[in-house]
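Contents: one structure, followed by commentary.
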Protein chains: 2
Amino acid sequence: MKSILFSIHSQIASFSKSEQKVAQFILDHPQKVIGMNADALANKVGVSAATVVRLAKILSSDGFPGVKIQLSAETKVDDSLYTEVDPKDPLDVVKQKMEFRIGHTIEQTNLALSDKSVQSAAQLIAKADDVYAYGLGASSIVAADFQQKFIRVGKPVIQTMDTHLIATGIVKPETVLMLVSNTGETVESQKLAEVAKEHHVPVITITHSKKSSLAKKSDIILLHDDSEENEKLRTAATTSLMAQLYVVDLLYYSYLTLNFDSNATILKESRNVIQKHFK
Amino acid sequence: MKSILFSIHSQIASFSKSEQKVAQFILDHPQKVIGMNADALANKVGVSAATVVRLAKILSSDGFPGVKIQLSAETKVDDSLYTEVDPKDPLDVVKQKMEFRIGHTIEQTNLALSDKSVQSAAQLIAKADDVYAYGLGASSIVAADFQQKFIRVGKPVIQTMDTHLIATGIVKPETVLMLVSNTGETVESQKLAEVAKEHHVPVITITHSKKSSLAKKSDIILLHDDSEENEKLRTAATTSLMAQLYVVDLLYYSYLTLNFDSNATILKESRNVIQKHFK
DNA sequence: TTTATTTATGAAATTTAATTTCTTAATAGT
DNA sequence: ACTATTAAGAAATTAAATTTCATAAATAAA
């Protein structure tokens, strides 16, 4: 289905003068139009209802009500939901707010994250002999997810919180270091990045801040959204966690497609193993 | 603006018999309803148009057309996006598809998950002396997140993959066992549930299947969506993982609000510790 | 169990909104 | 300047939504 706003935009030159007035109003105030009837819109822009309806027929086979329905599908919901969760909120309100926030976070991450970085990161991992992953706190969960996903497609990842162990591992250049740090300021991660640099080991970092100290020490930055700037109580920041996991998932996907057939085979085999021996 | 589907879901019990027929049809086929008029919908479910309109008035101040408009806003139109990610898709298409899928998953989880269960689970945890958490594979990540969140608010959670250790821990009735299992068929989890039952330890389970063996052995079931039925390649099932993490987050929220002031104080203090000693 | 009262429901009437038709005005082409 | 074509509004029509009202079903009271 095509975007109706886009369709208006690209067709507007071909409309008649009165129709253009209507079309322009729809482009400027789609949200308002949703709440109007054809008559009201006609009055608002100073044309007749017939003109409004005629235009509507061009835009949608379902006439004016159809236009409103399509506008509603495209015009993003109002932002009243995009508020901080409050400790006084009942659970069903929290659910609504969270649903909205998570959607927003993923959307923002899609914008922030560069496809090229993901693909380069996937290639680095594919070429590497060993991959080390490190994250502290909530980021350790992301590092663990990274490990699980890649082991399943035959790419062993060492994930540990023992920084000394990682430091001793990343002395060969055939290695890759994956760091996960929301703020990009975790001291331990920075130290590991320095060690990696010394030994010409590429560093991939998942973070929300491209200006952070860690970002500056990284070869590839996988940027995710951080909508938690004004977090208060909702510390453990599930939306940030989800954004990071989402980045890992895209990276995993990108890796899979690099050599799809062979990776899919390994994946299938690793599933069979579980199925056969543990179920 | 509240979600109309959510609103129907939570109010449906209070509707009359005929209204319920209409409401259920809307829940099952929102997309179809958008293309119908009140009469057609009435005929489809075998009630009168008056009933349809009456229900519509309850759901939206703008009556039946208003309901259609709201459905359109929520029912993410583009079906082509709601498809399995394909290995041939370029990354930007994958991003779009994933954004949609994740949104859908959270939405479905909001519908599946009962507020009452979350609140009861939070209360059980609050009353317990010790909490044990167990999950295997991707579910271990969820269990780890659960542990992290609750430790930060002063409720120690023991999370380990050593089932024997957990089994020896859950012999006192002041204990709670949290199990995470997507399918609800993991053998180890079932064994732990049996041990718990023997010692009158309540079992809380996060799963997508309420009919699973594990669900039957649980005292509280926290149900999440699983849109991965027809997964092919996208095994590591990030959307399921996110749904589970989301459930944990709601549980955490619910726990926090039980005794908000004291929990917020502990949380603040635990943050200060990190800030002061590790940054 | 019977009776009263409330609630639920559909048929028909009404209202409102959308759409079409028809006429006139504006514009462009000869 | 005259004719053909297109544009646009007023009024008429049609379709949809909504309300009213009578009746049936369910529930409570006697």
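By order of appearance in the structure tokens: chains A, B, ..., then residues from 1 within every chain, and ligands from 1 in the order shown.
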Under the rule of at most 8 Å, produce a per-residue listing of chain B near chain C: chain, number, name, the closest pair of atoms, and the distance in Å, as a Markdown table, using only C-alpha atoms (C1' of nucleotides).
```
| residue | atom | partner | partner_atom | distance |
| --- | --- | --- | --- | --- |
| B:Ser16 | CA | C:DA8 | C1' | 7.3 |
| B:Ser48 | CA | C:DG10 | C1' | 5.8 |
| B:Ala50 | CA | C:DG10 | C1' | 7.4 |
| B:Thr51 | CA | C:DT9 | C1' | 7.3 |
```
(message) If you superpose chain A onto chain B over the full set of Cα atoms in sequence order, what number do you get for the RMSD in Å?
(response) 6.6 Å
(request) In Å, rounded to a single decimal, give me how far CA of Thr207 (chain A) is from CA of Gly169 (chain A). (result)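 Separation of CA of Gly169 (chain A) and CA of Thr207 (chain A): 22.7 Å.
The list of residues with at least one atom within 8 Å of region 147-161 of chain A, based on only C-alpha atoms (C1' of nucleotides) and without residues fewer than 6 positions apart in the same chain, reads Ala126, Asp130, Val131, Tyr132, Ala133, Tyr134, Gly135, Leu136, Ser140, Tyr252, Leu256, Asn263, Ala264, Ile266, Leu267 and Ser270 of chain A; Gly137, Ala138 and Ala236 of chain B.
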Can you spit out the residues from that selection as a CSV table (one decimal), in the first residue's frame, using C-alpha atoms?
```
chain,number,residue,atom,x,y,z
A,126,ALA,CA,33.5,-13.5,9.4
A,130,ASP,CA,38.6,-15.5,17.4
A,131,VAL,CA,36.0,-13.1,18.6
A,132,TYR,CA,35.9,-11.7,22.1
A,133,ALA,CA,32.9,-10.0,23.6
A,134,TYR,CA,32.7,-7.8,26.7
A,135,GLY,CA,30.0,-5.9,28.5
A,136,LEU,CA,29.3,-5.0,32.1
A,140,SER,CA,26.8,-8.2,29.7
A,252,TYR,CA,23.7,-11.6,13.2
A,256,LEU,CA,24.2,-15.0,8.1
A,263,ASN,CA,25.7,-20.7,7.7
A,264,ALA,CA,22.1,-22.0,7.3
A,266,ILE,CA,25.4,-25.1,10.4
A,267,LEU,CA,22.4,-23.5,12.0
A,270,SER,CA,23.1,-27.1,15.7
B,137,GLY,CA,19.7,-20.9,26.1
B,138,ALA,CA,18.2,-17.6,25.2
B,236,ALA,CA,17.7,-17.0,17.7
```
(message) Tell me as a PyMOL selection string which residues belonging to chain B come within 10 Å of chain D, counting only C-alpha atoms (C1' of nucleotides).
(response) chain B and resi 37-39+49-50+53-54+57+63-65
Just to be explicit: take each residue in the selection above, keep N, CA and C atoms, and write the result as a PDB file, in the first residue's frame.
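Writing done, so here's part39.pdb:
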```pdb
ATOM      1  N   ASN B  37     -18.882  -1.467   6.490  1.00  0.00           N
ATOM      2  CA  ASN B  37     -19.755  -0.509   7.169  1.00  0.00           C
ATOM      3  C   ASN B  37     -20.484  -1.236   8.291  1.00  0.00           C
ATOM      4  N   ALA B  38     -21.178  -0.461   9.083  1.00  0.00           N
ATOM      5  CA  ALA B  38     -21.808  -1.029  10.283  1.00  0.00           C
ATOM      6  C   ALA B  38     -22.770  -2.152   9.920  1.00  0.00           C
ATOM      7  N   ASP B  39     -23.502  -1.959   8.837  1.00  0.00           N
ATOM      8  CA  ASP B  39     -24.463  -2.965   8.397  1.00  0.00           C
ATOM      9  C   ASP B  39     -23.778  -4.289   8.050  1.00  0.00           C
ATOM     10  N   ALA B  49     -27.497  -3.713  13.142  1.00  0.00           N
ATOM     11  CA  ALA B  49     -26.604  -2.568  12.997  1.00  0.00           C
ATOM     12  C   ALA B  49     -26.630  -1.716  14.258  1.00  0.00           C
ATOM     13  N   ALA B  50     -27.792  -1.651  14.892  1.00  0.00           N
ATOM     14  CA  ALA B  50     -27.901  -0.846  16.113  1.00  0.00           C
ATOM     15  C   ALA B  50     -26.899  -1.323  17.160  1.00  0.00           C
ATOM     16  N   VAL B  53     -23.436  -0.178  16.283  1.00  0.00           N
ATOM     17  CA  VAL B  53     -23.264   1.244  16.555  1.00  0.00           C
ATOM     18  C   VAL B  53     -23.196   1.506  18.057  1.00  0.00           C
ATOM     19  N   ARG B  54     -24.013   0.832  18.793  1.00  0.00           N
ATOM     20  CA  ARG B  54     -23.971   1.012  20.253  1.00  0.00           C
ATOM     21  C   ARG B  54     -22.594   0.671  20.802  1.00  0.00           C
ATOM     22  N   LYS B  57     -20.053   3.306  19.944  1.00  0.00           N
ATOM     23  CA  LYS B  57     -20.150   4.508  20.789  1.00  0.00           C
ATOM     24  C   LYS B  57     -19.389   4.318  22.103  1.00  0.00           C
ATOM     25  N   GLY B  63     -18.204   7.305  17.198  1.00  0.00           N
ATOM     26  CA  GLY B  63     -19.038   6.241  16.655  1.00  0.00           C
ATOM     27  C   GLY B  63     -18.307   5.273  15.753  1.00  0.00           C
ATOM     28  N   PHE B  64     -19.060   4.628  14.917  1.00  0.00           N
ATOM     29  CA  PHE B  64     -18.481   3.566  14.098  1.00  0.00           C
ATOM     30  C   PHE B  64     -17.372   4.046  13.172  1.00  0.00           C
ATOM     31  N   PRO B  65     -17.578   5.159  12.463  1.00  0.00           N
ATOM     32  CA  PRO B  65     -16.465   5.625  11.629  1.00  0.00           C
ATOM     33  C   PRO B  65     -15.225   5.907  12.471  1.00  0.00           C
TER      34      PRO B  65
END
```
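Each of B:Leu245, B:His277, B:Lys32, B:Ala193 was checked against Ile102 (chain A) using only C-alpha atoms; the smallest atom-to-atom distance is that of B:Leu245.
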